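Undergrad: Pasting final.csv below, which is CSV, C-alpha atoms.
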chain,number,residue,atom,x,y,z
A,35,MET,CA,36.3,30.5,91.1
A,36,LYS,CA,38.1,29.6,87.8
A,37,THR,CA,37.0,26.0,88.2
A,38,ILE,CA,33.4,27.1,88.6
A,39,LEU,CA,33.7,29.4,85.6
A,40,LYS,CA,35.2,26.6,83.5
A,41,LEU,CA,32.4,24.2,84.5
A,42,ALA,CA,29.8,26.9,83.7
A,43,ALA,CA,31.4,27.5,80.3
A,44,LEU,CA,31.5,23.7,79.6
A,45,SER,CA,27.8,23.4,80.6
A,46,LEU,CA,26.9,26.2,78.3
A,47,ALA,CA,28.8,24.7,75.4
A,48,LEU,CA,27.1,21.3,75.9
A,49,SER,CA,23.7,23.0,76.1
A,50,LEU,CA,24.3,24.9,72.9
A,51,GLY,CA,25.5,21.8,71.2
A,52,ALA,CA,22.2,20.1,71.8
A,53,LEU,CA,20.2,23.0,70.3
A,54,PRO,CA,18.8,22.8,66.7
A,55,ALA,CA,21.4,23.7,64.1
A,56,LYS,CA,21.4,27.3,62.8
A,57,ALA,CA,20.8,27.9,59.1
A,58,GLY,CA,23.6,26.3,57.1
A,59,ALA,CA,25.3,24.7,60.1
A,60,VAL,CA,24.7,21.1,59.2
A,61,LEU,CA,25.5,21.6,55.5
A,62,ASP,CA,28.6,23.5,56.4
A,63,ARG,CA,29.8,20.7,58.7
A,64,VAL,CA,29.0,18.1,56.1
A,65,LYS,CA,30.9,19.9,53.3
A,66,ALA,CA,33.8,20.7,55.6
A,67,ALA,CA,34.1,17.0,56.7
A,68,GLY,CA,33.4,15.7,53.2
A,69,ASP,CA,31.2,13.2,54.9
A,70,LEU,CA,27.4,12.8,55.1
A,71,LYS,CA,26.2,10.5,58.0
A,72,VAL,CA,23.0,8.8,57.0
A,73,ALA,CA,20.7,6.8,59.3
A,74,THR,CA,18.9,3.8,57.8
A,75,ASP,CA,17.8,0.3,58.7
A,76,ALA,CA,20.3,-2.6,58.5
A,77,ASN,CA,17.6,-5.3,58.3
A,78,TRP,CA,14.8,-4.2,55.9
A,79,ALA,CA,15.4,-5.7,52.5
A,80,PRO,CA,15.2,-4.6,49.7
A,81,GLN,CA,15.2,-1.0,51.1
A,82,SER,CA,18.3,-1.6,53.2
A,83,PHE,CA,20.2,-4.6,54.3
A,84,VAL,CA,23.7,-6.1,54.9
A,85,ASN,CA,24.7,-8.0,51.8
A,86,ALA,CA,27.1,-11.0,51.4
A,87,ASN,CA,30.1,-8.7,51.4
A,88,ASN,CA,29.0,-7.3,54.8
A,89,GLU,CA,28.1,-4.0,53.3
A,90,LEU,CA,24.9,-2.0,53.4
A,91,ASP,CA,22.9,-2.4,50.2
A,92,GLY,CA,19.4,-1.7,48.8
A,93,PHE,CA,17.2,0.9,47.3
A,94,ASP,CA,17.4,3.4,50.2
A,95,VAL,CA,21.2,2.9,50.4
A,96,ASP,CA,21.6,3.6,46.7
A,97,VAL,CA,19.4,6.7,46.9
A,98,ALA,CA,21.4,8.1,49.9
A,99,LYS,CA,24.7,7.5,48.0
A,100,ASP,CA,23.4,9.3,45.0
A,101,ILE,CA,22.3,12.3,47.1
A,102,GLY,CA,25.7,12.4,48.7
A,103,LYS,CA,27.4,12.3,45.3
A,104,ARG,CA,25.3,15.2,44.1
A,105,ILE,CA,26.1,17.3,47.2
A,106,GLY,CA,29.8,16.4,46.6
A,107,VAL,CA,30.5,14.3,49.7
A,108,LYS,CA,30.9,10.6,50.6
A,109,VAL,CA,28.2,8.9,52.6
A,110,GLU,CA,28.7,7.0,55.9
A,111,PHE,CA,25.8,4.9,57.2
A,112,VAL,CA,24.7,4.3,60.8
A,113,THR,CA,21.9,1.9,61.8
A,114,PRO,CA,20.0,3.0,64.9
A,115,GLY,CA,16.6,1.5,65.7
A,116,TRP,CA,13.6,2.9,64.0
A,117,ASP,CA,12.1,4.2,67.3
A,118,ILE,CA,15.4,6.0,68.0
A,119,ILE,CA,15.4,7.6,64.6
A,120,THR,CA,11.8,8.8,64.7
A,121,ALA,CA,12.2,10.1,68.3
A,122,GLY,CA,14.4,12.9,67.0
A,123,ASN,CA,17.0,14.7,69.1
A,124,TRP,CA,19.8,13.3,66.8
A,125,VAL,CA,22.3,15.9,68.2
A,126,GLY,CA,24.8,15.3,65.4
A,127,ARG,CA,24.9,11.5,65.6
A,128,TRP,CA,23.7,11.5,62.0
A,129,ASP,CA,22.8,14.2,59.5
A,130,MET,CA,20.0,12.7,57.4
A,131,HIS,CA,17.6,9.8,57.3
A,132,VAL,CA,17.0,7.9,54.1
A,133,GLY,CA,14.9,5.0,55.3
A,134,SER,CA,11.4,5.2,53.8
A,135,MET,CA,9.9,7.5,56.3
A,136,THR,CA,6.3,8.8,55.7
A,137,PRO,CA,6.1,12.5,56.1
A,138,THR,CA,3.2,13.3,58.5
A,139,LYS,CA,2.1,16.4,60.3
A,140,LYS,CA,3.0,14.8,63.6
A,141,ARG,CA,6.5,13.9,62.4
A,142,ALA,CA,6.9,17.4,60.9
A,143,GLU,CA,6.9,18.7,64.4
A,144,ILE,CA,10.4,17.2,64.7
A,145,PHE,CA,11.6,16.9,61.1
A,146,ASP,CA,11.9,18.6,57.8
A,147,PHE,CA,11.1,16.5,54.7
A,148,PRO,CA,13.1,18.0,51.8
A,149,ALA,CA,11.8,15.6,49.2
A,150,VAL,CA,9.5,12.6,48.6
A,151,TYR,CA,11.6,10.1,46.6
A,152,TYR,CA,9.1,7.2,46.1
A,153,TYR,CA,5.7,5.8,46.9
A,154,THR,CA,5.2,2.3,48.1
A,155,PRO,CA,2.1,0.1,48.7
A,156,ALA,CA,1.6,-1.4,52.2
A,157,ALA,CA,0.1,-4.9,52.3
A,158,VAL,CA,-0.8,-7.7,54.6
A,159,ALA,CA,1.1,-11.0,54.8
A,160,VAL,CA,-0.1,-14.3,56.3
A,161,HIS,CA,1.5,-17.7,56.7
A,162,LYS,CA,1.1,-19.9,53.6
A,163,ASP,CA,-1.0,-22.3,55.6
A,164,SER,CA,-3.5,-19.6,56.5
A,165,LYS,CA,-7.1,-20.1,55.4
A,166,ALA,CA,-7.6,-16.4,55.1
A,167,THR,CA,-8.4,-15.3,51.5
A,168,SER,CA,-9.5,-11.8,52.3
A,169,LEU,CA,-8.6,-9.1,54.8
A,170,GLY,CA,-12.0,-9.6,56.5
A,171,ASP,CA,-11.0,-13.2,57.4
A,172,LEU,CA,-8.4,-11.6,59.8
A,173,ASP,CA,-11.0,-10.0,62.0
A,174,GLY,CA,-10.2,-10.7,65.6
A,175,LYS,CA,-6.8,-12.0,64.9
A,176,VAL,CA,-3.3,-10.9,66.1
A,177,ILE,CA,-1.5,-8.6,63.7
A,178,GLY,CA,2.2,-7.8,63.7
A,179,ALA,CA,3.8,-4.5,62.6
A,180,THR,CA,7.0,-2.5,63.1
A,181,THR,CA,6.7,-0.3,66.2
A,182,THR,CA,6.0,3.4,65.6
A,183,SER,CA,5.5,2.7,61.9
A,184,THR,CA,2.7,3.7,59.6
A,185,PHE,CA,2.0,-0.1,59.3
A,186,GLU,CA,1.4,-0.2,63.1
A,187,ALA,CA,-0.7,2.9,62.9
A,188,TYR,CA,-2.9,1.4,60.2
A,189,ALA,CA,-3.4,-1.8,62.2
A,190,LYS,CA,-4.4,0.3,65.2
A,191,LYS,CA,-6.7,2.5,63.0
A,192,ASP,CA,-4.6,5.5,63.9
A,193,LEU,CA,-3.0,6.3,60.6
A,194,THR,CA,-2.8,9.8,59.2
A,195,LEU,CA,-1.4,10.2,55.7
A,196,ASP,CA,-1.4,14.0,55.3
A,197,ALA,CA,1.6,14.3,52.9
A,198,ALA,CA,1.0,15.7,49.5
A,199,GLY,CA,0.1,13.1,46.9
A,200,ALA,CA,-1.0,10.4,49.4
A,201,PRO,CA,-4.0,8.5,48.0
A,202,ALA,CA,-7.0,8.0,50.3
A,203,PHE,CA,-7.4,4.7,52.1
A,204,GLU,CA,-9.9,2.6,54.2
A,205,TYR,CA,-9.3,0.5,57.3
A,206,LYS,CA,-9.9,-3.1,56.4
A,207,LEU,CA,-8.4,-4.8,59.4
A,208,ASN,CA,-10.2,-5.3,62.8
A,209,PRO,CA,-7.5,-7.1,64.9
A,210,LYS,CA,-7.9,-8.4,68.4
A,211,GLU,CA,-4.4,-7.4,69.2
A,212,VAL,CA,-1.5,-5.5,67.5
A,213,HIS,CA,2.0,-6.9,68.3
A,214,SER,CA,4.8,-4.5,67.9
A,215,TYR,CA,8.2,-5.5,66.4
A,216,GLU,CA,11.6,-3.8,66.0
A,217,ASN,CA,11.4,-4.2,62.3
A,218,SER,CA,9.4,-6.1,59.6
A,219,THR,CA,12.0,-9.0,59.5
A,220,THR,CA,11.5,-9.9,63.1
A,221,ALA,CA,7.7,-9.8,62.5
A,222,PHE,CA,8.1,-12.1,59.5
A,223,ASP,CA,10.3,-14.4,61.6
A,224,ASP,CA,7.4,-14.9,64.0
A,225,LEU,CA,4.9,-15.3,61.2
A,226,ARG,CA,7.0,-18.0,59.5
A,227,LEU,CA,6.7,-20.2,62.7
A,228,GLY,CA,3.2,-21.1,61.6
A,229,ASP,CA,-0.3,-19.8,61.1
A,230,GLY,CA,-1.4,-18.2,64.4
A,231,VAL,CA,1.6,-19.5,66.4
A,232,ARG,CA,2.6,-16.0,67.4
A,233,VAL,CA,0.8,-13.8,65.0
A,234,ASP,CA,-1.8,-14.3,62.3
A,235,ALA,CA,-0.7,-11.7,59.9
A,236,VAL,CA,1.9,-8.8,59.4
A,237,VAL,CA,1.3,-5.4,57.9
A,238,SER,CA,4.4,-4.2,56.0
A,239,SER,CA,5.6,-2.8,52.7
A,240,LEU,CA,4.7,-4.9,49.7
A,241,PRO,CA,8.3,-4.9,48.5
A,242,SER,CA,9.5,-6.2,51.9
A,243,ILE,CA,6.8,-9.0,51.8
A,244,ASN,CA,7.8,-9.9,48.3
A,245,ASP,CA,11.5,-10.0,49.2
A,246,ALA,CA,10.8,-12.2,52.2
A,247,ILE,CA,8.9,-14.6,49.9
A,248,LYS,CA,11.8,-14.7,47.5
A,249,ALA,CA,14.1,-15.4,50.5
A,250,GLY,CA,12.0,-18.5,51.2
A,251,TYR,CA,9.7,-17.3,54.0
A,252,PRO,CA,6.5,-19.5,54.0
A,253,ILE,CA,4.2,-16.4,53.7
A,254,LYS,CA,1.9,-14.9,51.1
A,255,GLN,CA,0.1,-11.7,50.5
A,256,VAL,CA,-3.6,-11.6,51.3
A,257,GLY,CA,-6.0,-9.0,49.7
A,258,ASP,CA,-5.0,-5.9,47.9
A,259,PRO,CA,-2.6,-3.2,49.2
A,260,VAL,CA,-4.2,-1.4,52.1
A,261,PHE,CA,-2.6,2.0,51.5
A,262,TYR,CA,0.0,3.8,49.4
A,263,GLU,CA,2.5,6.0,51.2
A,264,PRO,CA,4.8,8.7,50.0
A,265,LEU,CA,8.3,8.2,51.5
A,266,ALA,CA,10.7,11.0,52.1
A,267,VAL,CA,14.2,12.0,53.1
A,268,ALA,CA,14.1,13.4,56.7
A,269,ILE,CA,16.4,15.9,58.5
A,270,GLU,CA,15.9,17.7,61.8
A,271,HIS,CA,14.7,21.3,61.8
A,272,GLY,CA,17.1,24.1,61.6
A,273,ASP,CA,19.0,24.1,58.3
A,274,PRO,CA,17.1,25.4,55.3
A,275,GLU,CA,20.2,25.4,53.1
A,276,PHE,CA,20.8,21.7,53.8
A,277,SER,CA,17.1,21.0,53.1
A,278,ALA,CA,17.3,22.9,49.8
A,279,ARG,CA,20.4,21.0,48.6
A,280,ILE,CA,18.7,17.6,49.3
A,281,ALA,CA,15.6,18.8,47.5
A,282,ASP,CA,17.6,19.8,44.5
A,283,ALA,CA,19.5,16.5,44.4
A,284,VAL,CA,16.3,14.4,44.6
A,285,LYS,CA,14.6,16.7,41.9
A,286,ALA,CA,17.6,16.0,39.6
A,287,MET,CA,17.4,12.3,40.3
A,288,LYS,CA,13.7,12.3,39.2
A,289,GLU,CA,14.4,14.4,36.2
A,290,ASP,CA,17.3,12.4,34.9
A,291,GLY,CA,15.6,9.0,35.6
A,292,THR,CA,17.9,7.9,38.4
A,293,LEU,CA,15.1,7.2,40.8
A,294,SER,CA,13.1,5.3,38.2
A,295,THR,CA,16.1,3.2,37.4
A,296,LEU,CA,16.9,2.4,41.0
A,297,SER,CA,13.3,1.5,41.8
A,298,LYS,CA,13.2,-0.9,38.8
A,299,LYS,CA,16.6,-2.3,39.9
A,300,TRP,CA,15.4,-3.2,43.4
A,301,TYR,CA,11.6,-3.7,43.0
A,302,GLY,CA,11.1,-4.4,39.3
A,303,VAL,CA,8.5,-1.6,39.4
A,304,ASP,CA,8.8,2.2,39.1
A,305,TYR,CA,7.7,3.3,42.5
A,306,SER,CA,9.1,6.8,41.9
A,307,VAL,CA,5.7,7.8,40.6
A,308,THR,CA,2.2,7.3,42.2
A,309,LYS,CA,-0.1,4.4,41.3
Take the structure from the file and write it as structure tokens.
TA:
Amino acid sequence: MKTILKLAALSLALSLGALPAKAGAVLDRVKAAGDLKVATDANWAPQSFVNANNELDGFDVDVAKDIGKRIGVKVEFVTPGWDIITAGNWVGRWDMHVGSMTPTKKRAEIFDFPAVYYYTPAAVAVHKDSKATSLGDLDGKVIGATTTSTFEAYAKKDLTLDAAGAPAFEYKLNPKEVHSYENSTTAFDDLRLGDGVRVDAVVSSLPSINDAIKAGYPIKQVGDPVFYEPLAVAIEHGDPEFSARIADAVKAMKEDGTLSTLSKKWYGVDYSVTK
């Protein structure tokens, strides 16, 4: 009987541990540990990438570190796949995501978005040998994009930008097929093989396209940006105090010019404000 009761108690404890955090629970745990676990991408320069010193670096990384500093804790990074992050059910594996997530109503069913910290243009890249000079030239072509991203949603004509401050957009691509990738870098890797070898174009953030070009990828932007998206810090539902502390930190970063400075550092442009 004692064994049965112990097993029942253990089962209950595990079940409770998987439930959404009560108000203040995540913030209390973070402050008690002095450590904020942040999920981001390890392969999405210049937002986040592993530098020559084998350390995570980039705009999102700097933003996360500054948020942690303002909360009064050190930041520890983890790098799960984008599809794993956006699926939710983090169960304490990380506390916050700073990785350029667009806040949408669908995602808001899982996440709270304490603060938008910048706005970035999405654009289309083709191989340098491509004869395409406009987005219309890509009709009936194979388009690549990161899986479950707003770029993929745009390519599939299924994008909803319902966050405050998101400019209106039009669908300007009519692909034959949309090829999903783990991240933009793997999509660029296929694009660099040649025009139409695996894909004809890739939809990604303009900063990532420009960074790939600087890194020597034989690609180029075609047409104007296709949409501008507000990008936010994300946490799971259940801790309004934690959300408020993050919101206060990002607000202070905007007011004292930190976000503007970091954006210019990594992009050469102030993306902390809208177009």
Undergrad: Between A:Phe203, A:Phe185, A:Phe222, A:Phe145, which one has atoms that come closest to Val267 in chain A, using only C-alpha atoms?
TA: A:Phe145
Undergrad: In Å, how far is it from CA of Ala73 in chain A to CA of Asp245 in chain A?
TA: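 Computing it gives 21.7 Å between the two atoms.
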Undergrad: Pick out the closest residue to Val260 in chain A from this set: A:Glu204, A:Glu143, A:Glu110, A:Glu89. Count all atoms listed in the file.
TA: A:Glu204
Undergrad: Under the rule that all atoms listed in the file are counted, which of A:Val231, A:Ala189, A:Ala179, A:Ile253 is the nearest residue to His161 in chain A?
TA: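 Answer, going by the shortest atom-to-atom distance: A:Ile253.
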Undergrad: Pick the closest to Lys162 in chain A from A:Gly133, A:Pro80, A:Gly122, A:Gly250: which is it, counting all atoms listed in the file?
TA: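 For Lys162 in chain A, the nearest of the given residues is A:Gly250.
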Undergrad: Name the residues in contact with Asp234 in chain A at a cut-off of 8 Å, using all atoms listed in the file, excluding same-chain residues fewer than 3 positions from it; report them as a count of residues only.
TA: 11
Undergrad: Can you find the residues with an atom no farther than 8 Å from (24.7, 8.6, 53.9), counting all atoms listed in the file, and report them as a list in words?
TA: Leu70, Lys71, Val72, Ala73, Val95, Ala98, Lys99, Gly102, Lys108, Val109, Glu110, Phe111, Met130, His131 and Val132 of chain A
Undergrad: Using only C-alpha atoms for the distances, tell me which of A:Ile269, A:Leu240, A:Leu227, A:Ala149 is nearest to Pro252 in chain A.
TA: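 The shortest atom-to-atom distance to Pro252 in chain A comes from A:Leu227.
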Undergrad: List the residues sitting within 12 Å of (15.7, 18.9, 41.7) in the file's frame, using all atoms listed in the file, as a tab-separated table (two decimals) with C-alpha atoms, in the frame of the given file.
TA:
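As a result, out-v5.tsv now contains:
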chain	number	residue	atom	x	y	z
A	101	ILE	CA	22.30	12.30	47.10
A	104	ARG	CA	25.30	15.20	44.10
A	105	ILE	CA	26.10	17.30	47.20
A	148	PRO	CA	13.10	18.00	51.80
A	149	ALA	CA	11.80	15.60	49.20
A	150	VAL	CA	9.50	12.60	48.60
A	151	TYR	CA	11.60	10.10	46.60
A	277	SER	CA	17.10	21.00	53.10
A	278	ALA	CA	17.30	22.90	49.80
A	279	ARG	CA	20.40	21.00	48.60
A	280	ILE	CA	18.70	17.60	49.30
A	281	ALA	CA	15.60	18.80	47.50
A	282	ASP	CA	17.60	19.80	44.50
A	283	ALA	CA	19.50	16.50	44.40
A	284	VAL	CA	16.30	14.40	44.60
A	285	LYS	CA	14.60	16.70	41.90
A	286	ALA	CA	17.60	16.00	39.60
A	287	MET	CA	17.40	12.30	40.30
A	288	LYS	CA	13.70	12.30	39.20
A	289	GLU	CA	14.40	14.40	36.20
A	290	ASP	CA	17.30	12.40	34.90
A	291	GLY	CA	15.60	9.00	35.60
A	292	THR	CA	17.90	7.90	38.40
A	293	LEU	CA	15.10	7.20	40.80
Undergrad: Could you check how far CA of Met135 in chain A sits from CA of Ala76 in chain A, in Å to one decimal?
TA: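 Between CA of Met135 in chain A and CA of Ala76 in chain A the gap works out to 14.7 Å.
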Undergrad: Set the distance at 12 Å and use only C-alpha atoms: which residues neighbour Trp78 in chain A once local chain neighbours fewer than 3 positions away are removed? I'd like the list as a PyMOL selection string.
TA: chain A and resi 74-75+81-85+90-95+113+115-116+133-134+180+216-222+238-246
Undergrad: Between A:Thr181, A:Asp117, A:Ala157, A:Ala249, which one has atoms that come closest to Tyr205 in chain A, using only C-alpha atoms?
TA: A:Ala157
Undergrad: Could you state the separation of CA of Tyr153 in chain A and CA of Pro264 in chain A in Å, given to one decimal place?
TA: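 Taking CA of Tyr153 in chain A as the start and CA of Pro264 in chain A as the end point, the length is 4.3 Å.
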